[in-house]
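Colleague: File entry-v4.cif below, mmCIF, C-alpha atoms:
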data_upload
loop_
_atom_site.label_atom_id
_atom_site.label_comp_id
_atom_site.auth_asym_id
_atom_site.auth_seq_id
_atom_site.Cartn_x
_atom_site.Cartn_y
_atom_site.Cartn_z
CA MET A 1275 7.53 38.17 -88.84
CA LYS A 1276 10.44 39.13 -91.09
CA ALA A 1277 13.94 37.76 -90.48
CA LEU A 1278 16.05 40.86 -91.18
CA GLY A 1279 15.57 44.61 -90.60
CA LYS A 1280 13.88 46.57 -87.84
CA GLY A 1281 11.36 44.72 -85.64
CA SER A 1282 12.59 41.40 -87.07
CA ILE A 1283 13.77 38.10 -85.60
CA ALA A 1284 17.31 39.52 -85.88
CA SER A 1285 16.20 42.41 -83.61
CA PHE A 1286 14.88 39.95 -81.05
CA ILE A 1287 18.16 37.99 -81.10
CA ARG A 1288 20.07 41.26 -80.71
CA TRP A 1289 17.93 42.12 -77.68
CA ALA A 1290 18.63 38.66 -76.18
CA LEU A 1291 22.35 39.16 -76.81
CA GLY A 1292 22.13 42.50 -75.00
CA PHE A 1293 20.58 40.71 -72.04
CA ALA A 1294 23.28 38.01 -72.14
CA TRP A 1295 25.90 40.77 -72.27
CA TRP A 1296 24.79 42.18 -68.89
CA VAL A 1297 24.38 38.71 -67.35
CA MET A 1298 27.99 37.93 -68.33
CA TRP A 1299 29.18 41.21 -66.80
CA PHE A 1300 27.34 40.22 -63.61
CA PHE A 1301 29.24 36.91 -63.58
CA ALA A 1302 32.49 38.75 -64.32
CA GLY A 1303 31.82 40.96 -61.26
CA ILE A 1304 31.16 37.94 -59.04
CA LEU A 1305 34.32 36.25 -60.31
CA THR A 1306 36.40 39.36 -59.60
CA ILE A 1307 35.05 39.60 -56.05
CA ALA A 1308 35.66 35.88 -55.50
CA ALA A 1309 39.22 36.14 -56.87
CA ILE A 1310 40.00 39.11 -54.59
CA ALA A 1311 38.48 37.32 -51.58
CA CYS A 1312 40.49 34.18 -52.33
CA THR A 1313 43.71 36.12 -52.78
CA LEU A 1314 43.18 37.90 -49.45
CA PHE A 1315 42.29 34.62 -47.82
CA PHE A 1316 45.28 32.68 -49.11
CA PHE A 1317 47.94 35.37 -48.90
CA GLY A 1318 46.51 37.79 -46.31
CA LEU A 1319 45.90 35.09 -43.77
CA ALA A 1320 48.97 33.15 -44.94
CA VAL A 1321 47.04 29.90 -45.31
CA HIS A 1322 47.44 27.55 -48.21
CA ALA A 1323 44.26 25.54 -48.04
CA TYR A 1324 40.63 25.63 -46.97
CA LYS A 1325 37.81 23.14 -46.92
CA ILE A 1326 35.00 23.32 -49.46
CA GLU A 1327 31.96 21.17 -50.19
CA THR A 1328 31.63 20.11 -53.81
CA ASP A 1329 29.22 17.50 -55.19
CA GLY A 1330 28.50 16.40 -51.64
CA LYS A 1331 32.18 15.74 -51.00
CA SER A 1332 34.36 17.66 -48.63
CA VAL A 1333 37.73 18.54 -50.12
CA LEU A 1334 40.63 20.71 -49.12
CA MET A 1335 41.16 23.49 -51.65
CA TYR A 1336 44.74 24.56 -52.28
CA ALA A 1337 45.77 27.95 -53.62
CA PRO A 1338 47.25 26.61 -56.93
CA TYR A 1339 44.00 24.81 -57.78
CA ALA A 1340 42.05 27.97 -57.01
CA ALA A 1341 44.38 29.95 -59.30
CA ILE A 1342 43.84 27.43 -62.13
CA GLY A 1343 40.09 27.56 -61.58
CA PHE A 1344 40.03 31.37 -61.73
CA ALA A 1345 42.22 31.34 -64.88
CA PHE A 1346 39.82 28.93 -66.56
CA VAL A 1347 36.60 30.70 -65.56
CA GLY A 1348 38.15 34.14 -66.17
CA VAL A 1349 39.13 33.29 -69.76
CA SER A 1350 35.73 31.65 -70.35
CA ILE A 1351 33.84 34.74 -69.18
CA ALA A 1352 36.14 37.18 -71.04
CA GLY A 1353 35.92 35.07 -74.21
CA THR A 1354 32.13 34.84 -73.98
CA LEU A 1355 31.91 38.60 -73.48
CA ALA A 1356 34.08 39.19 -76.56
CA ILE A 1357 31.94 36.77 -78.63
CA ILE A 1358 28.69 38.38 -77.49
CA TRP A 1359 30.09 41.83 -78.32
CA ARG A 1360 30.95 40.67 -81.84
CA LEU A 1361 27.57 38.94 -82.24
CA ARG A 1362 25.78 42.12 -81.16
CA ARG A 1363 27.64 44.06 -83.87
CA LEU A 1364 26.77 41.37 -86.40
CA PHE A 1365 23.08 41.43 -85.51
CA THR A 1366 23.06 45.23 -85.45
CA ASN A 1367 23.97 45.06 -89.13
CA PHE A 1368 21.29 42.41 -89.70
CA CYS A 1369 18.75 44.67 -87.98
CA ALA A 1370 19.81 47.55 -90.24
CA GLY A 1371 19.04 45.28 -93.23
CA ASP A 1372 22.74 45.14 -94.07
CA PRO A 1373 23.68 41.44 -93.82
CA PHE A 1374 26.69 41.84 -96.10
CA ASN A 1375 28.29 44.77 -94.37
CA LYS A 1376 32.05 44.53 -94.84
CA SER A 1377 32.63 44.26 -91.08
CA ASN A 1378 30.48 41.12 -90.66
CA ALA A 1379 33.13 38.76 -92.03
CA ASP A 1380 35.63 40.29 -89.57
CA HIS A 1381 33.20 39.80 -86.67
CA LEU A 1382 32.85 36.12 -87.59
CA ARG A 1383 36.60 35.77 -88.00
CA TRP A 1384 37.14 37.18 -84.52
CA ILE A 1385 34.49 34.84 -83.10
CA TRP A 1386 36.26 31.73 -84.39
CA ILE A 1387 39.64 33.06 -83.23
CA ILE A 1388 38.24 33.64 -79.72
CA LEU A 1389 36.57 30.21 -79.68
CA LEU A 1390 39.86 28.66 -80.78
CA PHE A 1391 41.76 30.46 -78.03
CA MET A 1392 39.18 29.45 -75.40
CA GLU A 1393 39.41 25.81 -76.48
CA VAL A 1394 43.21 25.70 -76.75
CA TRP A 1395 43.57 27.52 -73.41
CA LYS A 1396 41.84 24.58 -71.69
CA TYR A 1397 44.57 22.09 -72.63
CA PRO A 1398 47.58 23.65 -70.82
CA LEU A 1399 45.34 24.33 -67.82
CA GLY A 1400 44.21 20.70 -67.85
CA ALA A 1401 47.80 19.47 -68.19
CA LEU A 1402 48.83 21.76 -65.32
CA THR A 1403 46.04 20.40 -63.13
CA VAL A 1404 47.01 16.79 -63.91
CA ALA A 1405 50.68 17.57 -63.14
CA LEU A 1406 49.71 19.33 -59.92
CA TRP A 1407 47.46 16.45 -58.96
CA ALA A 1408 50.37 14.02 -59.41
CA VAL A 1409 52.54 16.12 -57.09
CA ALA A 1410 49.96 17.29 -54.56
CA PRO A 1411 46.60 15.48 -54.73
CA VAL A 1412 43.76 17.06 -52.81
CA PRO A 1413 42.86 15.09 -49.66
CA VAL A 1414 39.24 13.93 -49.76
CA ASP A 1415 37.06 13.26 -46.74
CA LYS A 1416 34.28 11.13 -48.19
CA ASP A 1417 33.78 8.91 -51.24
CA GLY A 1418 36.96 9.78 -53.04
CA PHE A 1419 37.50 12.09 -55.96
CA ASN A 1420 37.20 10.66 -59.46
CA PHE A 1421 39.41 12.77 -61.69
CA ASP A 1422 37.64 11.40 -64.81
CA ASP A 1423 34.38 13.06 -63.67
CA HIS A 1424 36.03 16.44 -64.00
CA HIS A 1425 37.99 15.89 -67.18
CA ASN A 1426 36.01 15.72 -70.42
CA GLY A 1427 38.86 15.51 -72.93
CA ILE A 1428 38.65 17.06 -76.41
CA ASP A 1429 35.34 18.73 -77.18
CA PHE A 1430 34.75 17.88 -80.86
CA SER A 1431 31.56 19.94 -81.07
CA THR A 1432 33.56 23.11 -80.32
CA TRP A 1433 36.12 22.25 -83.02
CA PHE A 1434 33.29 21.56 -85.46
CA ALA A 1435 31.68 24.91 -84.55
CA ILE A 1436 35.01 26.67 -85.15
CA LEU A 1437 35.30 25.12 -88.64
CA ILE A 1438 31.71 26.08 -89.49
CA ILE A 1439 32.29 29.69 -88.38
CA ILE A 1440 35.48 29.84 -90.50
CA VAL A 1441 33.39 28.80 -93.52
CA LEU A 1442 30.59 31.25 -92.62
CA ALA A 1443 33.13 34.09 -92.31
CA GLU A 1444 34.30 33.36 -95.85
CA VAL A 1445 30.71 33.21 -97.09
CA PHE A 1446 30.03 36.65 -95.60
CA ARG A 1447 33.25 37.98 -97.17
CA GLU A 1448 32.02 36.71 -100.54
CA GLY A 1449 28.64 38.36 -99.89
CA ALA A 1450 30.32 41.66 -99.04
CA ARG A 1451 32.33 41.42 -102.29
CA LEU A 1452 29.14 40.81 -104.28
CA ARG A 1453 27.43 43.78 -102.64
CA GLU A 1454 30.42 46.03 -103.29
CA GLU A 1455 30.43 45.01 -106.96
CA GLN A 1456 26.70 45.69 -107.15
CA GLU A 1457 27.17 49.18 -105.67
CA LEU A 1458 29.98 49.91 -108.13
CA THR A 1459 27.76 48.80 -111.02
CA ILE A 1460 24.97 51.13 -109.89
CA MET B 346 43.84 26.09 -95.94
CA LYS B 347 41.04 27.82 -97.81
CA ALA B 348 37.49 27.91 -96.42
CA LEU B 349 35.47 27.36 -99.60
CA GLY B 350 35.99 25.32 -102.78
CA LYS B 351 37.59 21.93 -103.42
CA GLY B 352 39.99 20.61 -100.75
CA SER B 353 38.77 23.30 -98.35
CA ILE B 354 37.48 23.31 -94.77
CA ALA B 355 33.97 23.11 -96.25
CA SER B 356 34.99 19.86 -98.00
CA PHE B 357 36.28 18.47 -94.71
CA ILE B 358 33.00 19.36 -92.95
CA ARG B 359 31.09 17.73 -95.82
CA TRP B 360 33.15 14.58 -95.28
CA GLY B 361 32.36 14.71 -91.52
CA LEU B 362 28.67 15.06 -92.35
CA GLY B 363 28.95 12.05 -94.65
CA ALA B 364 30.31 9.99 -91.74
CA ALA B 365 27.50 11.28 -89.48
CA TRP B 366 24.98 10.31 -92.18
CA TRP B 367 26.03 6.64 -92.10
CA VAL B 368 26.26 6.56 -88.29
CA LEU B 369 22.67 7.85 -88.15
CA TRP B 370 21.49 5.18 -90.57
CA ILE B 371 23.13 2.51 -88.37
CA ALA B 372 21.37 4.03 -85.34
CA ALA B 373 18.07 4.01 -87.28
CA ALA B 374 18.54 0.33 -88.16
CA GLY B 375 19.41 -0.46 -84.53
CA LEU B 376 16.28 1.33 -83.32
CA ALA B 377 14.09 -0.47 -85.86
CA LEU B 378 15.53 -3.86 -84.81
CA ALA B 379 15.01 -3.04 -81.13
CA ALA B 380 11.40 -2.02 -81.80
CA ILE B 381 10.70 -5.23 -83.72
CA ALA B 382 12.35 -7.32 -80.99
CA TYR B 383 10.23 -5.60 -78.33
CA VAL B 384 6.99 -6.23 -80.22
CA VAL B 385 7.96 -9.91 -80.66
CA LEU B 386 8.66 -10.18 -76.91
CA LEU B 387 5.29 -8.59 -76.12
CA ILE B 388 3.51 -11.06 -78.42
CA LEU B 389 5.38 -14.03 -76.92
CA SER B 390 4.55 -12.73 -73.44
CA ALA B 391 0.85 -12.33 -74.34
CA MET B 392 0.78 -15.88 -75.74
CA GLY B 393 2.26 -17.18 -72.52
CA ILE B 394 5.33 -18.57 -74.27
CA ILE B 395 7.63 -16.48 -72.09
CA ASP B 396 7.07 -15.16 -68.58
CA ALA B 397 5.95 -11.49 -68.55
CA SER B 398 8.35 -10.82 -65.69
CA PHE B 399 11.14 -11.40 -68.22
CA LEU B 400 10.67 -7.77 -69.27
CA ASN B 401 10.90 -6.41 -65.73
CA ARG B 402 13.50 -3.80 -65.02
CA GLY B 403 14.23 -2.07 -61.76
CA HIS B 404 14.49 1.48 -62.96
CA GLY B 405 14.34 3.44 -66.17
CA GLU B 406 14.91 6.98 -67.31
CA PHE B 407 13.67 8.43 -70.59
CA HIS B 408 15.38 11.51 -71.95
CA PHE B 409 13.54 13.71 -74.42
CA GLY B 410 16.64 15.46 -75.74
CA SER B 411 17.31 18.29 -73.34
CA SER B 412 13.61 19.18 -73.11
CA GLY B 413 12.94 16.96 -70.15
CA LYS B 414 13.03 13.47 -68.76
CA ILE B 415 10.78 10.93 -67.11
CA ASN B 416 12.07 8.64 -64.38
CA ILE B 417 10.12 5.43 -63.96
CA ASP B 418 10.40 2.49 -61.60
CA PHE B 419 9.44 -0.65 -63.52
CA ASP B 420 8.16 -2.69 -60.62
CA ASP B 421 5.30 -4.20 -62.56
CA SER B 422 5.05 -6.85 -65.24
CA GLY B 423 6.66 -6.18 -68.60
CA ASP B 424 3.52 -5.65 -70.62
CA ALA B 425 2.42 -2.86 -68.27
CA THR B 426 5.48 -0.81 -69.25
CA TRP B 427 4.59 -0.68 -72.95
CA PRO B 428 3.42 2.99 -72.79
CA ALA B 429 6.91 4.03 -71.77
CA ILE B 430 8.78 1.73 -74.16
CA ILE B 431 6.64 2.46 -77.22
CA THR B 432 6.84 6.23 -76.65
CA GLY B 433 10.59 5.83 -76.11
CA PHE B 434 10.88 4.23 -79.56
CA LEU B 435 8.84 7.10 -81.05
CA VAL B 436 11.13 9.67 -79.39
CA GLY B 437 14.18 7.87 -80.80
CA GLY B 438 12.54 7.68 -84.21
CA VAL B 439 11.77 11.40 -84.31
CA ALA B 440 15.28 12.30 -83.10
CA ILE B 441 17.06 10.05 -85.63
CA GLY B 442 14.66 10.90 -88.46
CA GLY B 443 15.02 14.63 -87.79
CA ALA B 444 18.81 14.35 -87.56
CA LEU B 445 18.87 12.51 -90.91
CA VAL B 446 16.87 15.31 -92.56
CA ILE B 447 19.17 17.96 -91.07
CA VAL B 448 22.38 16.13 -92.03
CA PHE B 449 21.02 15.52 -95.56
CA ARG B 450 20.33 19.25 -96.00
CA LEU B 451 23.68 20.22 -94.47
CA ARG B 452 25.48 17.89 -96.88
CA LYS B 453 23.75 19.58 -99.83
CA LEU B 454 24.65 23.00 -98.37
CA PHE B 455 28.31 22.09 -97.91
CA ALA B 456 28.41 20.43 -101.33
CA ASN B 457 27.59 23.88 -102.75
CA PHE B 458 30.22 25.47 -100.48
CA SER B 459 32.77 22.89 -101.66
CA SER B 460 32.03 23.72 -105.28
CA GLY B 461 32.67 27.42 -104.51
CA GLU B 462 28.98 28.35 -104.75
CA PRO B 463 28.04 29.74 -101.32
CA PHE B 464 25.07 31.63 -102.73
CA HIS B 465 23.55 28.88 -104.80
CA LYS B 466 19.79 29.46 -105.02
CA SER B 467 19.00 26.22 -103.15
CA ASN B 468 21.04 27.08 -100.04
CA ALA B 469 18.35 29.29 -98.50
CA ASP B 470 15.86 26.44 -98.99
CA HIS B 471 18.23 23.98 -97.29
CA LEU B 472 18.54 26.32 -94.28
CA ARG B 473 14.75 26.78 -94.19
CA ALA B 474 14.30 22.99 -94.20
CA ILE B 475 16.80 22.72 -91.33
CA TRP B 476 14.97 25.19 -89.07
CA ILE B 477 11.63 23.56 -89.88
CA ALA B 478 13.13 20.13 -88.99
CA LEU B 479 14.52 21.54 -85.72
CA LEU B 480 11.11 23.04 -84.93
CA VAL B 481 9.29 19.77 -85.66
CA ILE B 482 11.74 17.77 -83.51
CA GLU B 483 11.40 20.18 -80.58
CA VAL B 484 7.59 20.34 -80.71
CA SER B 485 7.41 16.55 -81.17
CA ARG B 486 9.43 16.10 -78.00
CA TYR B 487 6.87 18.05 -75.99
CA LEU B 488 3.96 16.17 -77.58
CA LEU B 489 5.54 12.75 -77.06
CA MET B 490 6.37 13.62 -73.48
CA ALA B 491 2.71 14.53 -72.92
CA LEU B 492 1.67 11.31 -74.70
CA MET B 493 3.91 9.21 -72.45
CA GLY B 494 2.51 10.92 -69.36
CA ALA B 495 -1.07 10.32 -70.53
CA LEU B 496 -0.42 6.67 -71.47
CA LEU B 497 1.32 6.00 -68.16
CA ALA B 498 -1.57 7.58 -66.26
CA ALA B 499 -4.11 5.52 -68.20
CA PHE B 500 -2.37 2.14 -68.57
CA GLY B 501 0.82 2.12 -66.52
CA GLN B 502 0.95 0.50 -63.12
CA THR B 503 4.35 1.86 -62.25
CA GLU B 504 5.39 2.41 -58.66
CA HIS B 505 6.02 6.02 -59.48
CA ALA B 506 6.87 8.10 -62.54
CA LYS B 507 8.52 11.46 -62.03
CA LEU B 508 8.18 13.95 -64.85
CA ASN B 509 10.77 16.69 -65.30
CA VAL B 510 10.04 19.21 -68.02
CA HIS B 511 12.00 22.25 -69.01
CA VAL B 512 12.08 24.29 -72.20
CA ASP B 513 15.44 24.13 -73.98
CA LEU B 514 16.05 27.76 -74.89
CA SER B 515 19.26 27.01 -76.80
CA THR B 516 17.31 24.95 -79.37
CA TRP B 517 14.76 27.76 -79.83
CA PHE B 518 17.63 30.24 -80.16
CA ALA B 519 19.27 27.99 -82.79
CA ILE B 520 15.97 27.88 -84.72
CA LEU B 521 15.81 31.70 -84.76
CA ILE B 522 19.44 31.94 -85.93
CA PHE B 523 18.74 29.49 -88.77
CA ILE B 524 15.71 31.58 -89.82
CA VAL B 525 17.94 34.68 -90.00
CA LEU B 526 20.72 32.77 -91.81
CA ALA B 527 18.23 31.45 -94.37
CA GLU B 528 17.19 35.02 -95.15
CA VAL B 529 20.84 36.14 -95.38
CA PHE B 530 21.54 33.36 -97.91
CA ARG B 531 18.39 34.32 -99.86
CA GLU B 532 19.72 37.88 -100.03
CA GLY B 533 23.13 36.56 -101.14
CA ALA B 534 21.50 34.47 -103.89
CA ARG B 535 19.62 37.58 -105.06
CA LEU B 536 22.88 39.56 -105.20
CA ARG B 537 24.59 36.80 -107.17
CA GLU B 538 21.68 36.58 -109.60
CA GLU B 539 21.81 40.34 -110.16
CA GLN B 540 25.55 40.15 -110.72
CA GLU B 541 25.12 37.39 -113.32
CA LEU B 542 22.43 39.41 -115.09
CA THR B 543 24.75 42.46 -115.15
CA ILE B 544 27.55 40.40 -116.72
#
In structure tokens, write the structure found in this file.
Modeller:
Amino acid sequence: MKALGKGSIASFIRWALGFAWWVMWFFAGILTIAAIACTLFFFGLAVHAYKIETDGKSVLMYAPYAAIGFAFVGVSIAGTLAIIWRLRRLFTNFCAGDPFNKSNADHLRWIWIILLFMEVWKYPLGALTVALWAVAPVPVDKDGFNFDDHHNGIDFSTWFAILIIIVLAEVFREGARLREEQELTI
Amino acid sequence: MKALGKGSIASFIRWGLGAAWWVLWIAAAGLALAAIAYVVLLILSAMGIIDASFLNRGHGEFHFGSSGKINIDFDDSGDATWPAIITGFLVGGVAIGGALVIVFRLRKLFANFSSGEPFHKSNADHLRAIWIALLVIEVSRYLLMALMGALLAAFGQTEHAKLNVHVDLSTWFAILIFIVLAEVFREGARLREEQELTI
């Protein structure tokens, strides 16, 4: 099976990305419904907390924590959608046998920018949660709530991936330049 | 900061890969020492110099990367657990050996990137070697998991061993992406060659 062009491995990956695209939209829909329901619940009924079960523990959920959670998941889903959209464009060019299309370097550049934003976005949200926890910790019914279990710190693999995509973007830019020169020569 | 060439991001990644290279060699040495120590313990146990119950452990869990895991209760004597331990060493050996091959190839790739040669002829071969290594590691995991299950069924006297298997799609997806990237780099090398011939 060939790697590039029609009916290639690149086509299969593009198909899988198309599937992932709709799955992510499904999650985006669920998140929107959940956010609306929560907003109605908190503000419509004028309550500020409700009980949820998480990891076998019963905790009271406060509106600010819910807002932080929705901000985090919302940005994650939106960022993933943007990355998949760019990857689909990239693989469309691969399927057309055009790996050094001028736009490919831009797609990769956007992917690392989005990844960077998604990663950096986590830090203020994490800091906000820690600050909120210090002021208003969530009461726990059962075994206690270990904050460390829910805080993973800096994700080096993401930073490494960002650096690799920056390099790949430049490689594709160089490839596009070579192809352009070749076309001019012909 | 520039992405390719000397003092670039590619150079920084190459440095990171160099650090990973030595960490992996330390892990390989640690695994080899542990394997030798285990064999010595088994021999001493068989000779009756030490009590076999010395090797007893209450519970163990073997992870085969993200492909699956086997939970085992070691309620029997130490020498009866050898199928699990020996296969565990093999799994570790394949993982570390495969990672060493991949890091070695990545270092060569990024050495070319650092010297401002992204479409060096060898780069496509490095990427091909990486996807083959990933494929071998993944298939080996399944085979070793089956081997452990078979050995435990034949020789193990464990209280119970629970086998969880699932296919890690992200690894297979990564393999496919590396295949495509290898072809892209081959095409880039061809373009560069043509350009050099034109000049």
Colleague: Run the PyMOL selection byres ((chain A and resi 1395) around 12) mentally over the shown coordinates, then write out the matched residues as a ChimeraX atom specification, using the chain letters and numbers from the document.
Modeller: /A:1342,1345-1350,1353,1387-1394,1396-1402,1428
Colleague: So, counting all atoms listed in the file, which residue among B:Ile395, B:Ala534, B:Ala365, B:Leu514 is closest to Ser467 in chain B?
Modeller: B:Ala534
Colleague: Could you list the residues chosen by the PyMOL selection byres ((chain A) within 8 of (chain B)) in this structure as a PDB file with C-alpha atoms, in the coordinates of the input?
Modeller:
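So expr27.pdb came out as:
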ATOM      1  CA  ALA A1277      13.940  37.760 -90.480  1.00  0.00           C
ATOM      2  CA  LEU A1278      16.050  40.860 -91.180  1.00  0.00           C
ATOM      3  CA  ILE A1283      13.770  38.100 -85.600  1.00  0.00           C
ATOM      4  CA  ALA A1284      17.310  39.520 -85.880  1.00  0.00           C
ATOM      5  CA  ILE A1287      18.160  37.990 -81.100  1.00  0.00           C
ATOM      6  CA  PRO A1373      23.680  41.440 -93.820  1.00  0.00           C
ATOM      7  CA  PHE A1434      33.290  21.560 -85.460  1.00  0.00           C
ATOM      8  CA  LEU A1437      35.300  25.120 -88.640  1.00  0.00           C
ATOM      9  CA  ILE A1438      31.710  26.080 -89.490  1.00  0.00           C
ATOM     10  CA  ILE A1440      35.480  29.840 -90.500  1.00  0.00           C
ATOM     11  CA  VAL A1441      33.390  28.800 -93.520  1.00  0.00           C
ATOM     12  CA  GLU A1444      34.300  33.360 -95.850  1.00  0.00           C
ATOM     13  CA  VAL A1445      30.710  33.210 -97.090  1.00  0.00           C
ATOM     14  CA  GLY A1449      28.640  38.360 -99.890  1.00  0.00           C
ATOM     15  CA  LEU A1452      29.140  40.810-104.280  1.00  0.00           C
ATOM     16  CA  ARG A1453      27.430  43.780-102.640  1.00  0.00           C
ATOM     17  CA  GLU A1455      30.430  45.010-106.960  1.00  0.00           C
ATOM     18  CA  GLN A1456      26.700  45.690-107.150  1.00  0.00           C
TER      19      GLN A1456
END
Colleague: For a test of reading the model, state the distance in Å between CA of Phe1316 in chain A and CA of Phe1344 in chain A, rounded to one decimal.
Modeller: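 Going from CA of Phe1316 in chain A over to CA of Phe1344 in chain A, I get 13.7 Å.
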Colleague: Between B:Gly352, B:Ile447, B:Tyr383, B:His465, which is the closest to Trp427 in chain B once you count only C-alpha atoms?
Modeller: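 Smallest separation from Trp427 in chain B among the options: B:Tyr383.
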Colleague: Specify as a list in words each residue included when the PyMOL selection byres ((chain A and resi 1290-1307) around 9) is applied to this file.
Modeller: Ser1285, Phe1286, Ile1287, Arg1288, Trp1289, Ala1308, Ala1309, Ile1310, Ala1311, Cys1312, Phe1344, Val1347, Gly1348, Ile1351, Ala1352, Thr1354, Leu1355, Ile1358, Trp1359, Leu1361 and Arg1362 of chain A
Colleague: What is the distance, in Å and to one decimal place, between CA of Glu1448 in chain A and CA of Lys1376 in chain A?
Modeller: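 Interatomic distance, CA of Glu1448 in chain A to CA of Lys1376 in chain A: 9.7 Å.
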Colleague: State, in Å with one decimal place, the distance from CA of Asn1375 in chain A to CA of Ser1282 in chain A.
Modeller: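 The value is 17.6 Å.
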